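For reference, work_29.cif (mmCIF, C-alpha atoms):
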data_my_file
loop_
_atom_site.label_atom_id
_atom_site.label_comp_id
_atom_site.auth_asym_id
_atom_site.auth_seq_id
_atom_site.Cartn_x
_atom_site.Cartn_y
_atom_site.Cartn_z
CA MET A 23 168.48 126.14 89.94
CA PRO A 24 167.64 125.53 86.25
CA THR A 25 164.15 124.30 85.47
CA PHE A 26 162.08 122.85 82.66
CA THR A 27 158.66 124.28 81.96
CA LEU A 28 156.80 121.30 80.50
CA GLN A 29 153.89 122.06 78.19
CA GLU A 30 151.71 119.13 77.20
CA SER A 31 148.65 118.79 74.96
CA PHE A 32 149.57 121.85 72.87
CA GLY A 33 150.11 124.10 75.86
CA ARG A 34 146.86 123.40 77.73
CA LYS A 35 148.82 122.04 80.70
CA SER A 36 152.05 123.50 82.11
CA THR A 37 154.33 122.03 84.79
CA GLU A 38 157.53 123.40 86.35
CA ILE A 39 160.27 120.77 86.85
CA GLU A 40 163.46 121.47 88.80
CA LEU A 41 166.65 119.97 87.38
CA ASN A 42 167.90 118.95 90.81
CA LYS A 43 169.86 115.86 89.70
CA ASP A 44 173.09 115.49 87.76
CA VAL A 45 171.46 113.04 85.31
CA ILE A 46 167.78 113.10 84.34
CA ILE A 47 166.19 110.55 82.03
CA ILE A 48 163.14 111.47 79.96
CA GLY A 49 160.99 108.68 78.57
CA ARG A 50 157.85 106.58 78.71
CA ASP A 51 158.99 104.06 81.35
CA TYR A 52 157.60 104.64 84.83
CA ASP A 53 161.12 104.62 86.35
CA CYS A 54 162.28 107.61 84.26
CA ASP A 55 162.82 110.91 86.07
CA ILE A 56 160.40 112.69 83.70
CA VAL A 57 157.65 110.40 82.44
CA LEU A 58 155.82 111.28 79.22
CA ASN A 59 152.76 109.10 78.69
CA SER A 60 152.69 108.90 74.91
CA ARG A 61 153.23 106.02 72.47
CA ASP A 62 155.37 108.38 70.34
CA VAL A 63 157.91 108.63 73.19
CA SER A 64 160.55 105.90 73.51
CA ARG A 65 160.93 104.07 76.80
CA ARG A 66 164.20 105.91 77.44
CA HIS A 67 164.02 108.81 75.04
CA ALA A 68 166.57 111.48 76.10
CA ARG A 69 169.09 112.21 78.83
CA VAL A 70 169.78 115.59 80.47
CA VAL A 71 173.18 115.94 82.16
CA ARG A 72 174.17 118.76 84.52
CA CYS A 73 177.92 119.55 84.45
CA GLY A 74 178.58 122.51 86.73
CA ASP A 75 176.96 125.53 85.05
CA ARG A 76 176.32 123.61 81.82
CA THR A 77 173.24 121.60 80.91
CA VAL A 78 173.53 119.12 78.06
CA ILE A 79 170.79 117.06 76.42
CA GLU A 80 171.33 114.02 74.23
CA ASP A 81 168.97 111.73 72.37
CA LEU A 82 169.11 108.05 73.42
CA GLN A 83 168.55 106.69 69.90
CA SER A 84 164.82 107.26 70.19
CA ALA A 85 162.41 106.27 67.45
CA ASN A 86 161.08 109.79 66.77
CA GLY A 87 164.04 111.94 67.80
CA THR A 88 164.60 114.89 70.14
CA PHE A 89 164.37 118.45 68.81
CA VAL A 90 166.02 121.60 70.19
CA ASN A 91 164.74 124.89 68.72
CA SER A 92 162.97 122.92 65.95
CA GLY A 93 166.14 121.09 64.88
CA PRO A 94 166.84 117.38 65.53
CA ILE A 95 169.90 116.70 67.67
CA GLU A 96 172.33 113.98 66.64
CA ALA A 97 175.01 114.71 69.24
CA PRO A 98 174.92 116.06 72.82
CA CYS A 99 173.62 119.63 72.71
CA GLU A 100 174.29 122.32 75.31
CA LEU A 101 171.12 124.16 76.36
CA LYS A 102 170.76 127.93 76.68
CA HIS A 103 168.16 129.93 78.58
CA LEU A 104 164.73 129.78 76.86
CA ASP A 105 165.74 126.97 74.48
CA ARG A 106 162.76 124.84 73.42
CA ILE A 107 163.00 121.05 73.54
CA GLN A 108 160.29 119.01 71.82
CA ILE A 109 159.71 115.31 72.40
CA ALA A 110 156.65 114.03 70.52
CA GLY A 111 153.79 116.34 71.53
CA SER A 112 155.47 117.67 74.68
CA VAL A 113 157.48 120.88 74.70
CA PHE A 114 160.03 121.82 77.39
CA VAL A 115 161.27 125.39 77.86
CA TYR A 116 164.68 125.47 79.52
CA ASN A 117 164.99 128.19 82.18
CA ASP A 118 168.38 129.19 83.56
CA PRO A 119 168.14 132.99 84.05
CA ASP A 120 171.19 133.26 86.31
CA ASN A 121 173.63 131.69 83.86
CA LEU A 122 174.74 134.00 81.06
CA ALA A 123 175.87 132.66 77.72
CA ASP A 124 179.30 134.18 78.38
CA ASN A 125 179.88 135.34 81.94
CA GLY A 126 183.62 135.78 81.64
CA PHE A 127 183.32 139.55 81.68
CA ARG A 128 181.48 139.60 84.98
CA ASP A 129 184.17 137.36 86.43
CA GLY A 130 186.95 139.56 85.03
CA GLN A 131 188.72 142.61 86.33
CA ALA A 132 186.28 145.36 85.29
CA ASN A 133 184.57 147.26 88.09
CA PRO A 134 180.84 147.84 87.39
CA HIS A 135 181.30 151.51 88.39
CA THR A 136 183.84 152.26 85.63
CA PHE A 137 183.57 153.13 81.96
CA GLU A 138 185.63 150.04 81.16
CA PHE A 139 182.71 147.98 82.42
CA MET A 140 180.29 149.82 80.16
CA HIS A 141 182.50 149.35 77.11
CA GLY A 142 182.57 145.62 77.78
CA VAL A 143 178.77 145.49 78.09
CA VAL A 144 178.28 147.40 74.82
CA ALA A 145 180.77 145.19 72.97
CA LYS A 146 178.99 142.04 74.13
CA LEU A 147 175.60 143.37 73.06
CA GLU A 148 176.85 144.55 69.65
CA ASN A 149 178.47 141.21 68.93
CA ASN A 150 175.45 139.17 70.03
CA ILE A 151 172.88 141.27 68.15
CA GLY A 152 175.13 141.36 65.08
CA ARG A 153 174.89 137.57 64.84
CA VAL A 154 171.19 137.99 64.02
CA PHE A 155 170.74 141.49 62.58
CA LYS A 156 172.99 141.69 59.53
CA GLY A 157 174.40 144.57 57.53
CA LYS A 158 173.35 147.57 59.63
CA PRO A 159 175.89 148.10 62.45
CA GLU A 160 174.99 151.81 62.68
CA ILE A 161 171.38 150.91 63.52
CA ILE A 162 172.54 148.56 66.29
CA ARG A 163 174.79 151.35 67.58
CA ASN A 164 171.99 153.90 67.67
CA VAL A 165 169.57 151.52 69.43
CA LEU A 166 172.19 150.79 72.09
CA ILE A 167 172.89 154.52 72.48
CA ALA A 168 169.18 155.13 73.09
CA LEU A 169 169.18 152.31 75.66
CA LEU A 170 172.23 153.78 77.43
CA ALA A 171 170.57 157.22 77.44
CA ASP A 172 167.50 155.68 79.15
CA GLY A 173 165.18 156.56 76.28
CA HIS A 174 162.93 154.77 73.80
CA VAL A 175 163.25 154.07 70.06
CA LEU A 176 160.77 154.23 67.20
CA LEU A 177 161.69 152.12 64.14
CA GLU A 178 159.79 153.34 61.09
CA ASP A 179 160.16 151.45 57.84
CA THR A 180 158.47 149.16 55.37
CA PRO A 181 157.50 145.64 56.54
CA GLY A 182 160.08 142.89 56.36
CA VAL A 183 163.34 144.82 56.82
CA GLY A 184 164.05 143.41 60.30
CA LYS A 185 162.47 145.84 62.77
CA SER A 186 160.99 143.13 65.02
CA ILE A 187 164.04 140.87 64.64
CA LEU A 188 166.28 143.68 65.91
CA ALA A 189 164.05 144.15 68.97
CA GLN A 190 163.96 140.41 69.67
CA ALA A 191 167.73 140.08 69.30
CA LEU A 192 168.19 142.90 71.82
CA SER A 193 165.75 141.30 74.25
CA LYS A 194 167.48 137.91 74.00
CA SER A 195 170.84 139.57 74.69
CA ILE A 196 169.76 141.13 78.01
CA GLN A 197 168.72 139.02 80.97
CA GLY A 198 165.49 140.79 81.77
CA THR A 199 161.76 140.53 81.24
CA TYR A 200 160.76 140.77 77.59
CA LYS A 201 157.17 141.51 76.54
CA ARG A 202 155.74 141.88 73.06
CA ILE A 203 152.56 143.85 72.37
CA GLN A 204 150.97 143.42 68.96
CA PHE A 205 149.01 146.60 68.31
CA THR A 206 145.68 146.18 66.53
CA PRO A 207 142.68 148.52 66.04
CA ASP A 208 140.67 146.75 68.78
CA LEU A 209 143.44 146.92 71.42
CA LEU A 210 142.39 148.71 74.64
CA PRO A 211 144.56 150.63 77.13
CA SER A 212 143.83 147.99 79.80
CA ASP A 213 145.26 145.33 77.46
CA ILE A 214 148.60 147.12 77.78
CA LEU A 215 148.62 148.55 81.30
CA GLY A 216 146.63 145.94 83.22
CA MET A 217 143.49 146.17 85.32
CA ASN A 218 141.96 145.51 88.73
CA ILE A 219 139.93 142.30 88.93
CA TYR A 220 137.54 141.48 91.76
CA ASP A 221 138.64 138.30 93.55
CA GLU A 222 135.70 136.34 94.90
CA ASN A 223 137.90 134.43 97.36
CA THR A 224 139.44 137.44 99.10
CA LYS A 225 136.51 139.83 98.44
CA GLU A 226 139.05 142.39 97.22
CA PHE A 227 140.22 143.83 93.95
CA ARG A 228 143.47 142.32 92.67
CA PHE A 229 145.73 144.04 90.14
CA ILE A 230 146.61 142.02 87.04
CA PRO A 231 149.64 143.68 85.43
CA GLY A 232 149.68 144.13 81.67
CA PRO A 233 152.58 143.48 79.31
CA ILE A 234 153.96 146.99 79.89
CA PHE A 235 155.49 145.64 83.12
CA GLY A 236 158.78 144.45 81.70
CA ASN A 237 162.32 145.54 80.92
CA ILE A 238 162.33 145.33 77.12
CA ILE A 239 158.96 146.08 75.49
CA LEU A 240 158.40 145.49 71.78
CA ALA A 241 155.45 147.63 70.69
CA ASP A 242 154.93 146.07 67.28
CA GLU A 243 153.13 148.13 64.61
CA ILE A 244 152.24 150.81 67.15
CA ASN A 245 150.46 152.96 64.56
CA ARG A 246 147.87 150.26 63.79
CA THR A 247 145.97 151.00 66.99
CA THR A 248 143.79 153.98 67.84
CA PRO A 249 145.13 157.23 69.36
CA ARG A 250 143.29 156.38 72.60
CA THR A 251 145.38 153.24 73.06
CA GLN A 252 148.55 154.95 71.83
CA SER A 253 148.13 157.62 74.51
CA SER A 254 148.10 154.98 77.25
CA LEU A 255 151.88 154.75 76.81
CA LEU A 256 152.53 158.44 77.49
CA GLU A 257 152.93 158.24 81.27
CA ALA A 258 154.77 154.91 81.14
CA MET A 259 157.35 156.11 78.61
CA SER A 260 157.85 159.52 80.19
CA GLU A 261 157.93 158.67 83.90
CA SER A 262 158.21 154.85 84.07
CA VAL A 263 154.99 154.86 86.09
CA VAL A 264 151.52 153.52 85.34
CA THR A 265 148.45 154.89 87.13
CA ILE A 266 145.55 152.43 87.40
CA ASP A 267 142.38 153.50 89.25
CA GLY A 268 144.29 156.35 90.84
CA ALA A 269 147.10 154.16 92.20
CA PRO A 270 150.59 154.71 90.71
CA ARG A 271 152.64 151.59 89.96
CA VAL A 272 156.34 151.95 89.25
CA LEU A 273 157.77 150.07 86.27
CA PRO A 274 161.02 148.08 86.59
CA LYS A 275 164.36 149.44 85.44
CA PRO A 276 165.70 149.24 82.85
CA PHE A 277 162.51 150.10 80.99
CA PHE A 278 163.04 150.31 77.24
CA VAL A 279 160.29 150.56 74.63
CA ILE A 280 161.32 149.74 71.09
CA ALA A 281 158.33 150.41 68.85
CA THR A 282 157.91 149.61 65.18
CA GLN A 283 155.57 151.30 62.74
CA ASN A 284 154.80 151.21 59.05
CA PRO A 285 154.82 154.42 56.98
CA ASP A 286 151.68 156.53 57.32
CA ASP A 287 150.59 155.89 53.73
CA TYR A 288 150.14 152.17 54.45
CA HIS A 289 146.57 150.90 54.77
CA GLY A 290 145.08 150.74 58.27
CA THR A 291 147.49 153.06 60.10
CA TYR A 292 146.79 155.83 62.61
CA PRO A 293 149.54 158.49 62.63
CA LEU A 294 151.11 158.88 66.06
CA PRO A 295 150.12 162.20 67.68
CA GLU A 296 152.91 164.70 68.32
CA PRO A 297 152.94 164.19 72.13
CA GLN A 298 153.44 160.45 71.59
CA LEU A 299 156.23 160.97 69.05
CA ASP A 300 157.92 163.34 71.50
CA ARG A 301 158.23 160.51 74.04
CA PHE A 302 160.57 158.61 71.72
CA LEU A 303 164.20 159.56 72.16
CA MET A 304 165.05 158.54 68.57
CA ARG A 305 163.32 157.65 65.34
CA LEU A 306 165.34 155.35 63.11
CA SER A 307 164.84 153.96 59.63
CA ILE A 308 166.55 150.67 58.78
CA GLY A 309 166.22 150.70 55.01
CA PHE A 310 166.90 147.85 52.62
CA PRO A 311 170.16 145.90 53.02
CA THR A 312 172.95 145.86 50.48
CA ALA A 313 173.18 142.88 48.15
CA ALA A 314 176.06 141.45 50.19
CA ALA A 315 174.16 141.87 53.47
CA GLU A 316 171.02 140.29 52.01
CA LEU A 317 173.05 137.35 50.78
CA GLU A 318 174.45 136.96 54.30
CA ILE A 319 170.88 137.02 55.67
CA LEU A 320 169.84 134.23 53.29
CA THR A 321 172.94 132.17 54.08
CA SER A 322 172.44 132.45 57.85
CA GLN A 323 168.86 131.18 57.66
CA VAL A 324 169.19 128.14 55.40
CA CYS A 325 168.99 125.67 58.27
CA GLY A 326 167.27 127.78 60.93
CA HIS A 327 166.94 131.26 62.36
CA PRO A 328 170.09 132.58 64.13
CA LEU A 329 167.82 134.12 66.78
CA LYS A 330 167.56 130.61 68.26
CA ASP A 331 171.34 130.39 68.65
CA ILE A 332 171.87 133.43 70.87
CA SER A 333 171.26 133.86 74.58
CA TYR A 334 171.74 136.47 77.29
CA VAL A 335 175.21 137.99 77.55
CA VAL A 336 174.54 140.78 80.10
CA LYS A 337 172.20 141.21 83.04
CA ALA A 338 169.46 143.82 83.27
CA ILE A 339 171.16 145.41 86.27
CA ASP A 340 174.26 145.92 84.07
CA ILE A 341 172.20 148.21 81.85
CA VAL A 342 171.13 150.26 84.89
CA GLN A 343 174.80 150.59 85.87
CA CYS A 344 175.70 151.76 82.36
CA GLN A 345 172.86 154.31 82.31
CA ALA A 346 174.21 155.79 85.54
CA LEU A 347 177.72 155.94 84.04
CA VAL A 348 176.46 157.80 80.96
CA ARG A 349 175.10 160.62 83.13
CA ARG A 350 178.64 161.14 84.45
CA VAL A 351 179.91 162.15 80.98
CA HIS A 352 180.93 165.81 81.13
CA VAL A 353 178.93 168.35 79.13
CA ALA A 354 180.69 171.71 78.89
CA PRO A 355 178.67 174.96 79.04
CA ALA A 356 179.69 175.69 75.43
CA ILE A 357 178.12 172.38 74.34
CA MET A 358 174.90 173.18 76.19
CA ASP A 359 174.83 176.59 74.49
CA TYR A 360 175.33 174.88 71.12
CA ILE A 361 172.31 172.60 71.78
CA VAL A 362 170.17 175.58 72.84
CA LYS A 363 171.07 177.47 69.64
CA ILE A 364 170.06 174.48 67.51
CA ALA A 365 166.72 174.18 69.32
CA ALA A 366 166.07 177.92 69.02
CA ALA A 367 166.82 177.83 65.29
CA THR A 368 164.14 175.18 64.75
CA ARG A 369 161.59 177.43 66.50
CA ASN A 370 162.39 180.41 64.28
CA HIS A 371 162.86 178.69 60.93
CA PRO A 372 160.19 179.82 58.42
CA ALA A 373 159.86 176.34 56.84
CA LEU A 374 159.00 174.57 60.11
CA GLY A 375 155.51 174.50 61.54
CA ASN A 376 156.76 173.83 65.06
CA GLY A 377 160.11 173.95 66.82
CA CYS A 378 161.83 171.67 69.28
CA SER A 379 160.78 171.81 72.93
CA PRO A 380 163.11 171.83 75.96
CA ARG A 381 162.41 168.09 76.21
CA ALA A 382 164.02 167.73 72.79
CA SER A 383 167.06 169.72 73.97
CA LEU A 384 167.42 167.43 76.97
CA ALA A 385 167.08 164.38 74.74
CA LEU A 386 169.82 165.67 72.43
CA MET A 387 172.15 166.30 75.37
CA HIS A 388 171.59 162.85 76.91
CA VAL A 389 172.05 161.09 73.57
CA ALA A 390 175.26 163.05 72.98
CA GLN A 391 176.48 161.88 76.40
CA ALA A 392 175.69 158.27 75.45
CA LEU A 393 177.46 158.62 72.09
CA ALA A 394 180.54 160.07 73.80
CA ALA A 395 180.59 157.16 76.25
CA TYR A 396 180.12 154.72 73.36
CA ASN A 397 183.16 156.30 71.69
CA ARG A 398 185.18 155.83 74.90
CA ARG A 399 185.21 159.49 75.89
CA GLU A 400 184.13 161.04 79.17
CA TYR A 401 183.23 164.39 77.60
CA VAL A 402 180.86 165.52 74.83
CA THR A 403 182.11 167.17 71.64
CA PRO A 404 180.13 169.21 69.07
CA ARG A 405 180.42 166.29 66.65
CA ASP A 406 178.54 164.08 69.12
CA VAL A 407 175.70 166.61 69.07
CA ARG A 408 175.67 166.99 65.28
CA ASP A 409 175.73 163.23 64.66
CA MET A 410 172.58 162.78 66.75
CA VAL A 411 170.56 165.80 65.61
CA LEU A 412 168.63 164.02 62.84
CA PRO A 413 167.56 160.84 64.74
CA VAL A 414 166.70 162.84 67.88
CA LEU A 415 165.03 165.95 66.41
CA GLY A 416 163.80 164.75 63.01
CA HIS A 417 160.49 163.34 64.28
CA ARG A 418 159.78 166.30 66.57
CA ILE A 419 159.47 168.94 63.84
CA THR A 420 157.13 169.23 60.85
CA LEU A 421 157.62 170.90 57.50
CA LYS A 422 154.99 173.44 56.44
CA LEU A 423 152.97 172.32 53.45
CA ARG A 424 153.97 175.23 51.20
CA TYR A 425 157.69 174.46 51.71
CA HIS A 426 157.52 170.83 50.56
CA GLY A 427 158.70 171.79 47.10
CA GLU A 428 161.68 173.73 48.42
CA TRP A 429 162.82 171.25 51.05
CA GLY A 430 163.00 167.49 50.69
CA GLY A 431 162.06 166.97 54.31
CA ALA A 432 162.69 167.99 57.91
CA GLY A 433 166.15 166.42 57.72
CA ASP A 434 167.24 168.88 55.04
CA VAL A 435 166.15 171.77 57.22
CA LEU A 436 168.16 170.41 60.14
CA GLU A 437 171.22 170.06 57.91
CA GLU A 438 170.84 173.70 56.87
CA ILE A 439 170.52 174.79 60.49
CA LEU A 440 173.68 172.91 61.47
CA GLY A 441 175.54 174.48 58.56
CA ARG A 442 174.91 178.03 59.73
CA ILE A 443 175.40 177.54 63.49
CA PRO A 444 179.12 177.39 64.27
CA ALA A 445 180.44 175.25 67.09
CA ALA A 446 182.79 177.34 69.22
CA ASP A 447 186.34 176.08 69.76
CA GLU A 448 185.71 172.79 67.96
CA ASP A 449 188.69 170.55 67.25
CA PRO A 450 188.36 169.38 63.59
CA GLN A 451 189.74 165.98 64.58
CA ARG A 452 186.84 165.31 66.96
#

Output the file's structure as structure tokens, nothing else.
Amino acid sequence: MPTFTLQESFGRKSTEIELNKDVIIIGRDYDCDIVLNSRDVSRRHARVVRCGDRTVIEDLQSANGTFVNSGPIEAPCELKHLDRIQIAGSVFVYNDPDNLADNGFRDGQANPHTFEFMHGVVAKLENNIGRVFKGKPEIIRNVLIALLADGHVLLEDTPGVGKSILAQALSKSIQGTYKRIQFTPDLLPSDILGMNIYDENTKEFRFIPGPIFGNIILADEINRTTPRTQSSLLEAMSESVVTIDGAPRVLPKPFFVIATQNPDDYHGTYPLPEPQLDRFLMRLSIGFPTAAAELEILTSQVCGHPLKDISYVVKAIDIVQCQALVRRVHVAPAIMDYIVKIAAATRNHPALGNGCSPRASLALMHVAQALAAYNRREYVTPRDVRDMVLPVLGHRITLKLRYHGEWGGAGDVLEEILGRIPAADEDPQR
């Protein structure tokens, strides 16, 4: 049943209200269904109507108006999960987690154990995220590929290019638990993982979970905290388990960390250690938008942020189904041999200080499987591997200092390696 979470007095008091009637009146009069004791609230201020799976709110010509997602409503407005309604100093958060914004696909013909189902899920996510994150469809694609491959993503770029917005758009598109962690120099591992607190009433220690216990985790500006706190994510990202006081606690699935970081030459940053970087399946750089894309960004935010207009289009369990389907994509022995040769070449290249580990080879194979599934194929081609080499391996290798003048970066070395390692029996059309 949908509910309102009512926050009064600037959030100091919170009340859960079930929407168990077809028509609910909000106002100051004592006979209203939801009574708000404020002179700024009209006697009969707003009406909430339940019509099947839809919930609509309308303002009853109140003196001070009714606001949904910071905008005044002049006509009946349909509510979406996590919409915010403000009446005077009271804020309602609408909760309807079981009602997707568009559930037609779940009611359609696709079986959740088929690739057709996965293609529908991906299409819904791409369309929904694209309403908010403009001009970079290849970035959306790569983030979704990492999600399908059951990995994590590191977004490294200058501030203000949309790293956090992309993560928030993804979280609002999937019906799961979203947590945001703002990394600062004084952040402690227990602030992320949780801790045991002694309960005076029960005379026992009680575990208080940290924000890592969620489905979509935004680790914002991860390189602004100390290496000690950064290392607290190692076990969680690698094994989806957190060990507190010797007791392992399993994290929910799907578990997807999308971290953002500023370039290392920015003030107040701590470079991520190599073991932490290795836990990220991909490292992506968004870059500045084109002039046309930036104009579209400005146009879409004249009256409000489009992030407020989207809601969940798939369920968290749908992502788990898709991740299982990706692992069914066939990888031929020749493709595995191709991946091994690429990894071996990075270990023997004179310009590289370190080569790729077997974990990197596994990551490249799983991402290639996800890319093949994204492209509606049930088998991996050499092109799938080549297309993912830079985002998967680029952050796992380092260029020796004396070769910086000869090579522009690790990406150039990877391009050279791909150029001299032939792919056996490759079809040029693939």

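The closest residue to Pro119 (chain A), picked from A:Ile203, A:Ala97, A:Met23, A:Ala191 and counting all atoms listed in the file, is A:Met23.
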
Inset, instruction - Could you list the residues chosen by the PyMOL selection byres ((chain A and resi 42-57) around 12) in this structure as a PyMOL selection string? - result: chain A and resi 23-28+30+37-41+58-88+107-110+112+114

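Comparing the minimum interatomic distances between Thr180 (chain A) and each of A:Glu243, A:Lys330, A:Val435, A:Gly377, counting all atoms listed in the file, we find that A:Glu243 sits nearest.
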
Just want the 12 Å neighbourhood of Ile187 (chain A), counted on all atoms listed in the file, with same-chain residues fewer than 6 positions away dropped. Output as a PDB file with C-alpha atoms, in the coordinates of the input.
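Output (part.pdb):
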ATOM      1  CA  ILE A 151     172.880 141.270  68.150  1.00  0.00           C
ATOM      2  CA  GLY A 152     175.130 141.360  65.080  1.00  0.00           C
ATOM      3  CA  ARG A 153     174.890 137.570  64.840  1.00  0.00           C
ATOM      4  CA  VAL A 154     171.190 137.990  64.020  1.00  0.00           C
ATOM      5  CA  PHE A 155     170.740 141.490  62.580  1.00  0.00           C
ATOM      6  CA  LYS A 156     172.990 141.690  59.530  1.00  0.00           C
ATOM      7  CA  ILE A 162     172.540 148.560  66.290  1.00  0.00           C
ATOM      8  CA  LEU A 177     161.690 152.120  64.140  1.00  0.00           C
ATOM      9  CA  PRO A 181     157.500 145.640  56.540  1.00  0.00           C
ATOM     10  CA  SER A 193     165.750 141.300  74.250  1.00  0.00           C
ATOM     11  CA  LYS A 194     167.480 137.910  74.000  1.00  0.00           C
ATOM     12  CA  ARG A 202     155.740 141.880  73.060  1.00  0.00           C
ATOM     13  CA  LEU A 240     158.400 145.490  71.780  1.00  0.00           C
ATOM     14  CA  ASP A 242     154.930 146.070  67.280  1.00  0.00           C
ATOM     15  CA  ILE A 280     161.320 149.740  71.090  1.00  0.00           C
ATOM     16  CA  ALA A 281     158.330 150.410  68.850  1.00  0.00           C
ATOM     17  CA  THR A 282     157.910 149.610  65.180  1.00  0.00           C
ATOM     18  CA  ILE A 308     166.550 150.670  58.780  1.00  0.00           C
ATOM     19  CA  ILE A 319     170.880 137.020  55.670  1.00  0.00           C
ATOM     20  CA  HIS A 327     166.940 131.260  62.360  1.00  0.00           C
ATOM     21  CA  PRO A 328     170.090 132.580  64.130  1.00  0.00           C
ATOM     22  CA  LEU A 329     167.820 134.120  66.780  1.00  0.00           C
ATOM     23  CA  LYS A 330     167.560 130.610  68.260  1.00  0.00           C
TER      24      LYS A 330
END

Inset, instruction - Determine, counting all atoms listed in the file, which protein, DNA and RNA residues have an atom within 6 Å of an atom of Val263 (chain A); residues of the same chain fewer than 2 positions away are not included. Present the result as a VMD selection string. - result: chain A and resid 258 261 271 to 273

Just C-alpha atoms for this one: save the residues we selected as a short mmCIF file (atom, residue, chain, number, x, y, z; two decimals), in the frame of the given file.
data_model
loop_
_atom_site.label_atom_id
_atom_site.label_comp_id
_atom_site.auth_asym_id
_atom_site.auth_seq_id
_atom_site.Cartn_x
_atom_site.Cartn_y
_atom_site.Cartn_z
CA ALA A 258 154.77 154.91 81.14
CA GLU A 261 157.93 158.67 83.90
CA ARG A 271 152.64 151.59 89.96
CA VAL A 272 156.34 151.95 89.25
CA LEU A 273 157.77 150.07 86.27
#
